[in-house]
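run-v6.cif (mmCIF, C-alpha atoms)
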```cif
data_my_file
#
loop_
_atom_site.label_atom_id
_atom_site.label_comp_id
_atom_site.auth_asym_id
_atom_site.auth_seq_id
_atom_site.Cartn_x
_atom_site.Cartn_y
_atom_site.Cartn_z
CA MET F 1 164.96 269.74 155.76
CA LEU F 2 165.40 271.92 158.81
CA HIS F 3 161.69 272.24 159.15
CA CYS F 4 161.42 268.50 158.79
CA THR F 5 163.87 267.83 161.61
CA MET F 6 162.13 270.32 163.87
CA ARG F 7 158.82 268.61 163.26
CA SER F 8 160.34 265.29 164.23
CA LEU F 9 161.82 266.75 167.39
CA PHE F 10 158.54 268.36 168.24
CA LYS F 11 156.73 265.09 167.74
CA SER F 12 159.16 263.07 169.81
CA SER F 13 158.90 265.52 172.66
CA LEU F 14 155.14 265.12 172.61
CA ASN F 15 155.21 261.37 172.38
CA MET F 16 158.03 259.56 174.16
CA SER F 17 157.32 256.26 172.41
CA HIS F 18 157.70 257.87 169.00
CA THR F 19 160.12 255.78 166.99
CA ALA F 20 163.29 257.26 165.60
CA PRO F 21 162.64 259.46 162.57
CA THR F 22 163.27 257.66 159.30
CA ASP F 23 166.26 258.59 157.22
CA LYS F 24 163.98 259.31 154.27
CA PRO F 25 163.19 262.97 153.71
CA CYS F 26 160.01 263.38 155.68
CA THR F 27 158.61 266.15 153.57
CA PHE F 28 158.48 267.09 149.90
CA ALA F 29 159.14 270.42 148.18
CA THR F 30 155.75 270.66 146.49
CA PRO F 31 152.46 268.74 146.38
CA ARG F 32 153.47 267.53 142.92
CA ALA F 33 156.72 266.17 144.35
CA ALA F 34 154.66 264.46 147.07
CA PHE F 35 152.58 262.74 144.37
CA TRP F 36 155.65 261.36 142.59
CA GLY F 37 157.35 260.58 145.89
CA GLY F 38 154.37 258.48 146.89
CA ALA F 39 154.42 256.67 143.55
CA ARG F 40 158.15 255.97 143.94
CA GLU F 41 157.73 254.56 147.44
CA ALA F 42 154.94 252.26 146.25
CA ALA F 43 157.02 250.97 143.34
CA GLY F 44 159.07 248.50 145.37
CA VAL F 45 158.25 245.73 147.77
CA PRO F 46 154.59 246.82 148.16
CA MET F 47 154.05 246.62 144.41
CA MET F 48 155.80 243.25 144.14
CA VAL F 49 153.85 241.61 146.93
CA MET F 50 150.55 243.00 145.73
CA GLY F 51 151.43 242.23 142.10
CA ALA F 52 152.19 238.59 142.89
CA SER F 53 148.75 238.10 144.41
CA PHE F 54 147.04 239.71 141.40
CA VAL F 55 149.09 237.46 139.10
CA GLY F 56 147.55 234.63 141.11
CA PHE F 57 144.08 236.11 140.59
CA GLY F 58 144.65 236.33 136.82
CA SER F 59 145.73 232.69 136.77
CA MET F 60 142.68 231.72 138.77
CA ILE F 61 140.32 233.46 136.33
CA HIS F 62 142.03 231.68 133.43
CA ASP F 63 141.64 228.42 135.33
CA LEU F 64 137.88 229.06 135.71
CA ASP F 65 137.58 229.59 131.94
CA TRP F 66 136.53 233.20 132.17
CA SER F 67 137.95 235.80 129.75
CA VAL F 68 140.84 238.17 130.33
CA TRP F 69 138.31 241.03 130.20
CA HIS F 70 136.48 239.60 133.20
CA ALA F 71 139.77 239.51 135.07
CA VAL F 72 140.74 243.10 134.19
CA PHE F 73 137.23 244.44 134.77
CA SER F 74 137.17 242.88 138.24
CA THR F 75 140.60 244.25 139.17
CA LEU F 76 139.80 247.78 137.97
CA SER F 77 136.31 247.96 139.45
CA THR F 78 136.87 246.16 142.76
CA TRP F 79 140.62 246.36 143.48
CA ALA F 80 140.36 244.36 146.71
CA LEU F 81 141.66 240.87 146.22
CA PRO F 82 140.07 238.58 148.84
CA GLY F 83 136.62 239.76 147.74
CA GLN F 84 137.50 239.24 144.08
CA ILE F 85 138.61 235.68 144.76
CA ALA F 86 135.48 234.88 146.77
CA MET F 87 133.38 236.42 143.99
CA ALA F 88 135.01 234.27 141.29
CA GLU F 89 134.83 231.13 143.41
CA MET F 90 131.17 231.63 144.29
CA ALA F 91 130.09 232.63 140.79
CA TYR F 92 131.89 229.58 139.41
CA THR F 93 130.21 227.20 141.84
CA GLY F 94 126.85 228.84 141.12
CA ALA F 95 126.17 230.43 144.51
CA PRO F 96 123.09 232.71 144.61
CA LEU F 97 123.87 236.33 143.73
CA MET F 98 122.60 237.53 147.08
CA ALA F 99 124.99 235.23 148.94
CA LEU F 100 127.82 236.36 146.67
CA VAL F 101 127.15 240.06 147.24
CA LEU F 102 126.86 239.61 151.01
CA ALA F 103 130.06 237.58 151.16
CA VAL F 104 132.01 240.15 149.14
CA PHE F 105 130.51 242.95 151.21
CA PHE F 106 131.64 241.38 154.48
CA ILE F 107 135.07 240.38 153.17
CA ASN F 108 135.79 243.86 151.85
CA ALA F 109 134.12 245.65 154.77
CA ARG F 110 137.61 245.77 156.30
CA LEU F 111 138.14 248.71 153.92
CA LEU F 112 135.67 250.71 155.99
CA PRO F 113 137.84 250.94 159.13
CA LEU F 114 140.90 251.44 156.92
CA ALA F 115 139.26 254.45 155.24
CA VAL F 116 137.89 255.76 158.55
CA SER F 117 141.33 255.72 160.13
CA LEU F 118 143.28 257.00 157.12
CA LEU F 119 141.14 259.87 155.80
CA PRO F 120 141.33 262.14 158.86
CA HIS F 121 145.04 262.49 158.05
CA VAL F 122 144.40 263.87 154.56
CA ARG F 123 141.28 265.94 155.28
CA ARG F 124 141.69 269.68 155.21
CA PRO F 125 139.38 272.63 154.66
CA GLY F 126 138.82 273.80 151.10
CA VAL F 127 139.19 270.42 149.40
CA ALA F 128 136.13 269.29 147.43
CA THR F 129 134.30 266.40 149.07
CA TRP F 130 134.27 264.30 145.89
CA LYS F 131 138.06 264.02 146.06
CA TYR F 132 137.77 262.00 149.26
CA TYR F 133 135.18 259.73 147.66
CA ALA F 134 137.55 259.26 144.72
CA VAL F 135 140.72 258.64 146.73
CA VAL F 136 139.06 255.94 148.90
CA MET F 137 139.09 253.78 145.74
CA LEU F 138 142.88 253.67 146.21
CA ILE F 139 142.65 252.42 149.80
CA ALA F 140 143.58 248.77 150.25
CA ALA F 141 145.48 246.98 153.00
CA THR F 142 148.80 247.47 151.17
CA SER F 143 148.36 251.19 150.52
CA TRP F 144 147.03 251.72 154.05
CA VAL F 145 150.09 250.12 155.66
CA GLY F 146 152.41 252.00 153.30
CA THR F 147 150.96 255.49 153.69
CA MET F 148 149.61 255.49 157.25
CA ARG F 149 153.06 255.72 158.85
CA ARG F 150 154.23 258.50 156.51
CA LEU F 151 151.22 260.82 156.33
CA PRO F 152 151.57 262.44 159.78
CA ASP F 153 155.07 263.65 158.84
CA LEU F 154 153.97 265.38 155.65
CA HIS F 155 152.71 268.91 155.13
CA GLN F 156 148.95 269.11 155.29
CA ASP F 157 148.68 270.23 151.66
CA GLN F 158 150.86 267.34 150.41
CA ARG F 159 149.13 264.41 152.06
CA LEU F 160 146.30 263.95 149.58
CA HIS F 161 148.84 264.12 146.73
CA TYR F 162 151.14 261.64 148.43
CA LEU F 163 148.29 259.19 149.05
CA THR F 164 147.04 259.59 145.48
CA GLY F 165 150.51 258.97 144.03
CA TYR F 166 151.10 255.94 146.24
CA GLY F 167 147.66 254.44 145.62
CA LEU F 168 147.55 255.19 141.89
CA ALA F 169 150.96 253.58 141.29
CA LEU F 170 149.62 250.36 142.83
CA TYR F 171 146.16 250.63 141.29
CA LEU F 172 147.38 251.19 137.72
CA ASN F 173 149.83 248.28 137.81
CA MET F 174 147.45 245.63 139.13
CA PRO F 175 145.48 245.20 135.87
CA LEU F 176 148.87 244.52 134.26
CA ALA F 177 149.69 241.90 136.91
CA THR F 178 146.23 240.38 136.38
CA VAL F 179 146.77 240.11 132.61
CA ILE F 180 150.25 238.62 133.10
CA GLY F 181 148.78 236.02 135.47
CA PHE F 182 145.98 235.23 133.03
CA TYR F 183 148.34 234.56 130.10
CA ILE F 184 151.05 232.86 132.14
CA ALA F 185 148.40 230.35 133.20
CA GLY F 186 147.95 229.24 129.60
CA GLN F 187 151.61 229.23 128.56
CA VAL F 188 153.67 227.69 131.33
CA PRO F 189 153.68 224.05 132.45
CA LEU F 190 150.61 223.06 134.46
CA PRO F 191 152.46 222.76 137.82
CA ILE F 192 153.37 226.47 137.63
CA THR F 193 149.78 227.43 136.80
CA LEU F 194 148.60 225.36 139.76
CA ALA F 195 151.15 227.04 142.01
CA LEU F 196 150.00 230.52 140.93
CA VAL F 197 146.40 229.62 141.73
CA PHE F 198 147.52 228.09 145.03
CA LEU F 199 149.35 231.33 145.86
CA ASN F 200 146.11 233.06 146.90
CA PRO F 201 144.88 230.83 149.73
CA LEU F 202 148.47 230.45 150.95
CA TYR F 203 149.00 234.22 150.99
CA PHE F 204 145.82 234.86 152.95
CA MET F 205 146.49 232.03 155.38
CA LEU F 206 149.89 233.51 156.30
CA LEU F 207 148.55 237.06 156.35
CA PHE F 208 146.01 236.00 158.99
CA LEU F 209 148.54 234.11 161.10
CA PHE F 210 150.70 237.23 161.15
CA ASP F 211 148.78 238.88 163.94
CA LEU F 212 147.39 236.55 166.59
CA HIS F 213 147.22 238.91 169.53
CA ASN F 214 143.48 239.35 169.66
CA ALA F 215 141.35 236.59 171.23
CA ALA F 216 138.27 237.37 169.12
CA LYS F 217 140.27 237.30 165.88
CA VAL F 218 141.96 234.00 166.78
CA LEU F 219 138.58 232.47 167.66
CA SER F 220 137.13 233.79 164.38
CA LEU F 221 139.89 232.03 162.45
CA ILE F 222 139.35 228.74 164.31
CA PHE F 223 135.56 228.82 163.99
CA GLY F 224 135.81 229.80 160.33
CA ALA F 225 138.34 227.07 159.51
CA VAL F 226 136.08 224.44 161.13
CA LEU F 227 132.71 225.74 159.96
CA GLY F 228 133.82 226.50 156.38
CA PRO F 229 134.28 222.91 155.15
CA LEU F 230 131.51 221.61 157.46
CA LEU F 231 128.80 223.98 156.25
CA TYR F 232 129.99 223.48 152.67
CA GLN F 233 128.84 219.85 152.95
CA ILE F 234 125.42 220.92 154.25
CA ALA F 235 124.58 224.08 152.29
CA PRO F 236 127.28 224.85 149.70
CA ASP F 237 125.55 227.95 148.30
CA TRP F 238 125.29 229.84 151.55
CA SER F 239 128.16 228.17 153.38
CA LEU F 240 130.66 231.04 153.19
CA ILE F 241 128.35 233.77 154.37
CA ALA F 242 126.93 231.47 157.07
CA THR F 243 130.46 230.58 158.17
CA GLY F 244 131.31 234.25 158.52
CA LEU F 245 128.13 235.31 160.28
CA VAL F 246 127.90 232.33 162.68
CA GLY F 247 131.61 231.88 163.37
CA GLY F 248 132.43 235.58 163.44
CA THR F 249 129.50 236.62 165.62
CA ALA F 250 130.20 233.79 168.08
CA ALA F 251 133.88 234.73 168.25
CA TRP F 252 133.06 238.42 168.66
CA TRP F 253 130.57 237.63 171.43
CA ILE F 254 132.95 235.31 173.28
CA GLY F 255 135.76 237.84 172.87
CA ARG F 256 133.65 240.45 174.68
CA SER F 257 132.63 238.09 177.48
CA ALA F 258 134.43 237.92 180.80
CA TRP F 259 136.05 234.64 179.73
CA GLY F 260 137.24 236.16 176.47
CA ARG F 261 138.79 239.09 178.28
CA HIS F 262 140.44 236.69 180.72
CA VAL F 263 141.96 234.68 177.86
CA GLN F 264 143.05 237.90 176.18
CA ASP F 265 144.85 239.11 179.30
CA THR F 266 146.32 235.79 180.38
CA TRP F 267 147.36 234.05 177.17
CA LEU F 268 147.68 236.76 174.56
CA LYS F 269 149.63 239.93 174.66
CA ARG F 270 147.67 242.82 176.00
CA GLU F 271 146.58 244.94 173.10
CA THR F 272 148.27 248.28 172.97
CA GLY F 273 146.15 250.99 171.44
CA HIS F 274 146.51 250.25 167.76
CA GLU F 275 147.19 246.86 166.28
CA MET Z 1 127.36 222.73 144.20
CA SER Z 2 124.48 223.85 142.03
CA GLU Z 3 124.21 223.63 138.26
CA ALA Z 4 126.19 225.99 136.03
CA ALA Z 5 126.06 229.65 136.99
CA LEU Z 6 122.68 231.24 136.24
CA TYR Z 7 124.10 234.70 135.74
CA SER Z 8 126.88 236.20 133.63
CA PRO Z 9 130.29 236.71 135.27
CA PHE Z 10 129.98 240.42 134.41
CA VAL Z 11 126.94 240.72 136.68
CA ALA Z 12 128.78 239.02 139.53
CA ILE Z 13 131.86 241.20 138.99
CA ALA Z 14 129.85 244.45 138.82
CA LEU Z 15 127.82 243.65 141.94
CA ALA Z 16 130.99 242.66 143.80
CA ALA Z 17 132.53 245.99 142.79
CA VAL Z 18 129.52 247.93 144.08
CA ALA Z 19 129.50 245.94 147.34
CA THR Z 20 133.20 246.74 147.77
CA TYR Z 21 132.97 250.44 146.98
CA ALA Z 22 130.09 250.73 149.48
CA SER Z 23 132.54 250.08 152.32
CA ARG Z 24 135.06 252.58 150.99
CA ALA Z 25 132.38 255.26 150.55
CA ALA Z 26 130.93 254.55 154.00
CA GLY Z 27 134.46 254.91 155.37
CA ALA Z 28 134.83 258.30 153.69
CA PHE Z 29 131.45 259.37 155.05
CA LEU Z 30 132.12 258.18 158.58
CA SER Z 31 135.75 259.28 158.89
CA GLY Z 32 135.92 261.65 161.79
CA LYS Z 33 132.43 260.69 162.94
CA ILE Z 34 133.15 257.33 164.58
CA GLY Z 35 136.26 255.92 166.20
CA THR Z 36 138.09 252.93 164.73
CA GLU Z 37 137.60 251.04 167.99
CA SER Z 38 133.82 250.73 167.87
CA ALA Z 39 132.04 247.41 168.56
CA VAL Z 40 130.46 247.38 165.09
CA ILE Z 41 133.86 247.49 163.43
CA ASP Z 42 135.10 244.73 165.77
CA TRP Z 43 132.13 242.61 164.71
CA ILE Z 44 132.73 243.22 160.98
CA THR Z 45 136.38 242.25 161.49
CA CYS Z 46 135.39 238.99 163.21
CA VAL Z 47 132.87 238.06 160.49
CA THR Z 48 135.54 238.75 157.84
CA TYR Z 49 138.15 236.66 159.62
CA ALA Z 50 135.79 233.69 159.99
CA LEU Z 51 134.57 233.98 156.41
CA LEU Z 52 138.06 234.16 154.92
CA ALA Z 53 139.39 231.39 157.17
CA GLY Z 54 136.55 229.21 155.87
CA LEU Z 55 137.37 230.19 152.29
CA VAL Z 56 141.10 229.53 152.72
CA VAL Z 57 140.54 226.06 154.18
CA ARG Z 58 138.08 225.29 151.40
CA MET Z 59 140.44 226.51 148.67
CA ILE Z 60 143.26 224.33 150.02
CA TRP Z 61 141.17 221.27 150.95
CA MET Z 62 138.39 221.36 148.33
CA PRO Z 63 139.57 223.60 145.49
CA VAL Z 64 137.67 224.17 142.24
CA GLY Z 65 139.21 224.22 138.75
CA ALA Z 66 142.52 222.61 137.80
CA LEU Z 67 143.76 222.57 141.37
CA SER Z 68 141.08 219.98 142.22
CA THR Z 69 142.96 217.45 140.08
CA THR Z 70 145.89 217.44 142.52
CA PRO Z 71 145.88 214.96 145.43
CA ASP Z 72 145.00 216.42 148.83
CA TRP Z 73 148.36 215.49 150.37
CA MET Z 74 150.27 217.61 147.87
CA ARG Z 75 148.28 220.72 148.72
CA PHE Z 76 148.50 219.97 152.45
CA THR Z 77 152.28 219.42 152.23
CA ALA Z 78 152.74 222.65 150.26
CA ALA Z 79 150.63 224.62 152.76
CA ALA Z 80 152.48 223.06 155.71
CA THR Z 81 155.85 223.89 154.16
CA GLY Z 82 154.77 227.48 153.61
CA LEU Z 83 153.59 227.67 157.21
CA ALA Z 84 156.81 226.15 158.58
CA VAL Z 85 159.02 228.54 156.60
CA PHE Z 86 156.80 231.45 157.63
CA ILE Z 87 157.33 230.55 161.31
CA VAL Z 88 161.06 229.81 161.01
CA ALA Z 89 161.68 232.97 158.96
CA ARG Z 90 160.11 235.10 161.70
CA LYS Z 91 156.73 235.67 160.11
CA SER Z 92 157.95 236.41 156.61
CA VAL Z 93 154.83 236.21 154.45
CA GLY Z 94 156.90 236.53 151.26
CA LEU Z 95 159.23 233.61 152.05
CA GLY Z 96 156.32 231.48 153.28
CA VAL Z 97 154.32 232.00 150.09
CA LEU Z 98 157.43 231.44 147.93
CA SER Z 99 158.40 228.16 149.62
CA GLY Z 100 154.81 226.88 149.67
CA THR Z 101 154.28 227.49 145.96
CA LEU Z 102 157.72 226.08 145.07
CA THR Z 103 156.85 222.95 147.08
CA LEU Z 104 153.65 222.50 145.10
CA ILE Z 105 155.57 222.92 141.84
CA ALA Z 106 158.12 220.31 142.94
CA LEU Z 107 155.44 217.83 144.02
CA THR Z 108 153.31 218.20 140.90
CA TRP Z 109 156.20 218.44 138.42
CA ASN Z 110 156.35 214.74 137.58
CA ALA Z 111 152.74 213.98 138.39
CA PHE Z 112 151.34 215.82 135.37
#
```
Could you express the structure from this file as structure tokens?
Amino acid sequence: MLHCTMRSLFKSSLNMSHTAPTDKPCTFATPRAAFWGGAREAAGVPMMVMGASFVGFGSMIHDLDWSVWHAVFSTLSTWALPGQIAMAEMAYTGAPLMALVLAVFFINARLLPLAVSLLPHVRRPGVATWKYYAVVMLIAATSWVGTMRRLPDLHQDQRLHYLTGYGLALYLNMPLATVIGFYIAGQVPLPITLALVFLNPLYFMLLFLFDLHNAAKVLSLIFGAVLGPLLYQIAPDWSLIATGLVGGTAAWWIGRSAWGRHVQDTWLKRETGHE
Amino acid sequence: MSEAALYSPFVAIALAAVATYASRAAGAFLSGKIGTESAVIDWITCVTYALLAGLVVRMIWMPVGALSTTPDWMRFTAAATGLAVFIVARKSVGLGVLSGTLTLIALTWNAF
């Protein structure tokens, strides 16, 4: 504990904007304790929020008349919900496989920056490379948010264990949530099934509206919301990937232009380092 | 919408899993080699935002499966309620989702 406090003091002296140290113990006795500590911290609000959305996914798969094995296989092999939902939607409507793969790739490509920014915290000499390629499977938006703020306070040799415990607790419970959602969909009154399916688009809509401080992101949302239904009327099979590529590229390009920068500085909060 | 799917769901699921792991593996490979602020990552983020915004609007406005049997106004009202609660409750995603889904349950309860 003393060591822990000294680390906090040291950090605050280096960085004046460093927030007050949390009241949680900021270090664990052993790497094993770090693993279980991570699992314990995940087993609360993060697990409930994530679990609810996977319950929605299970209900959706039931609604599309796929089997429970499809649902569980997707959750275990992909474990990144927006991509799983797009996959199920596109496969159900008969989109070409190439369009489906590209759409899922782009949707889940957000995991790339998450992994790039998280892994430097757990890297240390002497750890086999394959362990990093294994632990990235446990990186999702929820586990990133949950572990990113804690990792810098942990001992170097405990971070990988902490991340593994945190991620594994979430990962292992999501197939359960998926199965619950799948069977709930068949057993409860139809309005509740509908609500569980409706939970997914609602969740993502609010998640996006949470952070509107970046001009390019706001433009991407607007272009996507307009182009999505429009292109669906013209070319349903390729509409999603076209919406993303056209709307996203246009928004990205405008965001980088002089006008985009002007809008960013005048109307939106100036971005501070990390979002 | 084309005719019934021409491939098994397992193929779609497996390919989606590979496409997803590719990003995670690339992240592991690149960590420490590129910064998180690069233009390429900005572009990927923008494409994702547009794509998912399109998907969200489509899933609320033109859903597939059982949800397509509900009238548009019910889904719009439920989404608007969720949005309103989200704003009033100072960007609480949990409360927004809860109120939106409860609204849809209330609206559809006697309709089906």
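For the pair CA of Leu209 (chain F) and CA of Val57 (chain Z), the interatomic distance is 13.3 Å.
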Worksheet item: What is the CA of Leu67 (chain Z) to CA of Phe182 (chain F) distance in Å?
Response: 15.3 Å
Practice prompt. With a distance threshold of 7 Å and counting only C-alpha atoms, extract the residues of chain Z near chain F and express them as an MDAnalysis selection string.
Written response: chainID Z and resid 1:6 9:10 12:13 15:17 19:20 23:28 30:32 36 41 43:51 53:60 65:67 79 83 91 93 97 101 104:105 108:109
Worksheet entry | Gap from CA of Val85 (chain Z) to CA of Leu98 (chain Z) - Å, one decimal | 9.3 Å
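You can rank F:Ala42, F:Leu176, F:Ala99, F:Ala169 by their closest distance to Trp238 (chain F) using all atoms listed in the file, and at the top of that list sits F:Ala99.
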Worksheet entry | Explicit residue set for the PyMOL selection byres ((chain F and resi 38) around 9), as number ranges by chain | F: 33-37, 39-43, 147, 161-167, 169
Could the residues in this selection be saved with C-alpha atoms as an mmCIF file, in the coordinates of the input?
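Result went into again_35.cif, see below:
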```cif
data_model
loop_
_atom_site.group_PDB
_atom_site.id
_atom_site.type_symbol
_atom_site.label_atom_id
_atom_site.label_comp_id
_atom_site.auth_asym_id
_atom_site.auth_seq_id
_atom_site.Cartn_x
_atom_site.Cartn_y
_atom_site.Cartn_z
ATOM 1 C CA ALA F 33 156.720 266.170 144.350
ATOM 2 C CA ALA F 34 154.660 264.460 147.070
ATOM 3 C CA PHE F 35 152.580 262.740 144.370
ATOM 4 C CA TRP F 36 155.650 261.360 142.590
ATOM 5 C CA GLY F 37 157.350 260.580 145.890
ATOM 6 C CA ALA F 39 154.420 256.670 143.550
ATOM 7 C CA ARG F 40 158.150 255.970 143.940
ATOM 8 C CA GLU F 41 157.730 254.560 147.440
ATOM 9 C CA ALA F 42 154.940 252.260 146.250
ATOM 10 C CA ALA F 43 157.020 250.970 143.340
ATOM 11 C CA THR F 147 150.960 255.490 153.690
ATOM 12 C CA HIS F 161 148.840 264.120 146.730
ATOM 13 C CA TYR F 162 151.140 261.640 148.430
ATOM 14 C CA LEU F 163 148.290 259.190 149.050
ATOM 15 C CA THR F 164 147.040 259.590 145.480
ATOM 16 C CA GLY F 165 150.510 258.970 144.030
ATOM 17 C CA TYR F 166 151.100 255.940 146.240
ATOM 18 C CA GLY F 167 147.660 254.440 145.620
ATOM 19 C CA ALA F 169 150.960 253.580 141.290
#
```
Practice prompt. Name the residues that the PyMOL selection byres ((chain F and resi 157) around 10) pulls out of this structure, and write them as number ranges by chain.
Written response: F: 30-31, 34, 122-124, 127, 154-156, 158-162
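Comparing the minimum interatomic distances between Ile254 (chain F) and each of F:Val55, F:Thr27, F:Ala215, F:Trp267, counting only C-alpha atoms, we find that F:Ala215 sits nearest.
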Quick one: what's the axis-aligned box for region 58-61 of chain Z, all listed atoms, 5 Å on every side, centre and edges in Å to one decimal, as AutoDock Vina command-line options?
```
--center_x 140.7 --center_y 223.9 --center_z 150.0 --size_x 15.2 --size_y 15.2 --size_z 12.7
```
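Between Tyr183 (chain F) and the residues F:Gly51, F:Gly58, F:Pro152, F:Gly146, the shortest atom-to-atom distance, using only C-alpha atoms, involves F:Gly58.
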Keeping N, CA and C atoms, write region 8-28 of chain Z of the structure just shown out as a PDB file, in the first residue's frame.
```pdb
ATOM      1  N   SER Z   8     -24.485 -20.957 -45.920  1.00  0.00           N
ATOM      2  CA  SER Z   8     -24.923 -21.352 -44.586  1.00  0.00           C
ATOM      3  C   SER Z   8     -24.542 -20.269 -43.577  1.00  0.00           C
ATOM      4  N   PRO Z   9     -25.371 -20.086 -42.528  1.00  0.00           N
ATOM      5  CA  PRO Z   9     -25.014 -19.108 -41.494  1.00  0.00           C
ATOM      6  C   PRO Z   9     -23.631 -19.362 -40.916  1.00  0.00           C
ATOM      7  N   PHE Z  10     -23.227 -20.640 -40.821  1.00  0.00           N
ATOM      8  CA  PHE Z  10     -21.918 -20.955 -40.243  1.00  0.00           C
ATOM      9  C   PHE Z  10     -20.789 -20.313 -41.043  1.00  0.00           C
ATOM     10  N   VAL Z  11     -20.932 -20.306 -42.367  1.00  0.00           N
ATOM     11  CA  VAL Z  11     -19.909 -19.681 -43.214  1.00  0.00           C
ATOM     12  C   VAL Z  11     -19.843 -18.188 -42.923  1.00  0.00           C
ATOM     13  N   ALA Z  12     -21.019 -17.562 -42.856  1.00  0.00           N
ATOM     14  CA  ALA Z  12     -21.059 -16.121 -42.579  1.00  0.00           C
ATOM     15  C   ALA Z  12     -20.451 -15.821 -41.214  1.00  0.00           C
ATOM     16  N   ILE Z  13     -20.798 -16.647 -40.215  1.00  0.00           N
ATOM     17  CA  ILE Z  13     -20.287 -16.425 -38.857  1.00  0.00           C
ATOM     18  C   ILE Z  13     -18.770 -16.598 -38.820  1.00  0.00           C
ATOM     19  N   ALA Z  14     -18.263 -17.667 -39.451  1.00  0.00           N
ATOM     20  CA  ALA Z  14     -16.824 -17.942 -39.423  1.00  0.00           C
ATOM     21  C   ALA Z  14     -16.050 -16.833 -40.136  1.00  0.00           C
ATOM     22  N   LEU Z  15     -16.544 -16.393 -41.295  1.00  0.00           N
ATOM     23  CA  LEU Z  15     -15.839 -15.329 -42.018  1.00  0.00           C
ATOM     24  C   LEU Z  15     -15.868 -14.020 -41.232  1.00  0.00           C
ATOM     25  N   ALA Z  16     -17.011 -13.752 -40.578  1.00  0.00           N
ATOM     26  CA  ALA Z  16     -17.109 -12.538 -39.755  1.00  0.00           C
ATOM     27  C   ALA Z  16     -16.111 -12.610 -38.605  1.00  0.00           C
ATOM     28  N   ALA Z  17     -15.939 -13.808 -38.037  1.00  0.00           N
ATOM     29  CA  ALA Z  17     -14.989 -13.974 -36.932  1.00  0.00           C
ATOM     30  C   ALA Z  17     -13.566 -13.720 -37.412  1.00  0.00           C
ATOM     31  N   VAL Z  18     -13.219 -14.246 -38.581  1.00  0.00           N
ATOM     32  CA  VAL Z  18     -11.874 -14.032 -39.124  1.00  0.00           C
ATOM     33  C   VAL Z  18     -11.647 -12.549 -39.413  1.00  0.00           C
ATOM     34  N   ALA Z  19     -12.657 -11.909 -40.020  1.00  0.00           N
ATOM     35  CA  ALA Z  19     -12.535 -10.481 -40.349  1.00  0.00           C
ATOM     36  C   ALA Z  19     -12.362  -9.647 -39.084  1.00  0.00           C
ATOM     37  N   THR Z  20     -12.976 -10.096 -37.992  1.00  0.00           N
ATOM     38  CA  THR Z  20     -12.868  -9.362 -36.725  1.00  0.00           C
ATOM     39  C   THR Z  20     -11.506  -9.583 -36.077  1.00  0.00           C
ATOM     40  N   TYR Z  21     -11.069 -10.845 -36.046  1.00  0.00           N
ATOM     41  CA  TYR Z  21      -9.779 -11.122 -35.404  1.00  0.00           C
ATOM     42  C   TYR Z  21      -8.632 -10.448 -36.155  1.00  0.00           C
ATOM     43  N   ALA Z  22      -8.801 -10.266 -37.472  1.00  0.00           N
ATOM     44  CA  ALA Z  22      -7.764  -9.592 -38.272  1.00  0.00           C
ATOM     45  C   ALA Z  22      -7.414  -8.226 -37.678  1.00  0.00           C
ATOM     46  N   SER Z  23      -8.429  -7.483 -37.252  1.00  0.00           N
ATOM     47  CA  SER Z  23      -8.173  -6.157 -36.671  1.00  0.00           C
ATOM     48  C   SER Z  23      -7.458  -6.268 -35.334  1.00  0.00           C
ATOM     49  N   ARG Z  24      -7.869  -7.255 -34.536  1.00  0.00           N
ATOM     50  CA  ARG Z  24      -7.216  -7.427 -33.233  1.00  0.00           C
ATOM     51  C   ARG Z  24      -5.750  -7.809 -33.434  1.00  0.00           C
ATOM     52  N   ALA Z  25      -5.496  -8.760 -34.348  1.00  0.00           N
ATOM     53  CA  ALA Z  25      -4.129  -9.210 -34.591  1.00  0.00           C
ATOM     54  C   ALA Z  25      -3.289  -8.075 -35.166  1.00  0.00           C
ATOM     55  N   ALA Z  26      -3.865  -7.298 -36.099  1.00  0.00           N
ATOM     56  CA  ALA Z  26      -3.136  -6.164 -36.666  1.00  0.00           C
ATOM     57  C   ALA Z  26      -2.807  -5.160 -35.564  1.00  0.00           C
ATOM     58  N   GLY Z  27      -3.730  -4.998 -34.622  1.00  0.00           N
ATOM     59  CA  GLY Z  27      -3.490  -4.102 -33.494  1.00  0.00           C
ATOM     60  C   GLY Z  27      -2.321  -4.577 -32.648  1.00  0.00           C
ATOM     61  N   ALA Z  28      -2.273  -5.904 -32.401  1.00  0.00           N
ATOM     62  CA  ALA Z  28      -1.166  -6.469 -31.625  1.00  0.00           C
ATOM     63  C   ALA Z  28       0.153  -6.269 -32.362  1.00  0.00           C
TER      64      ALA Z  28
END
```
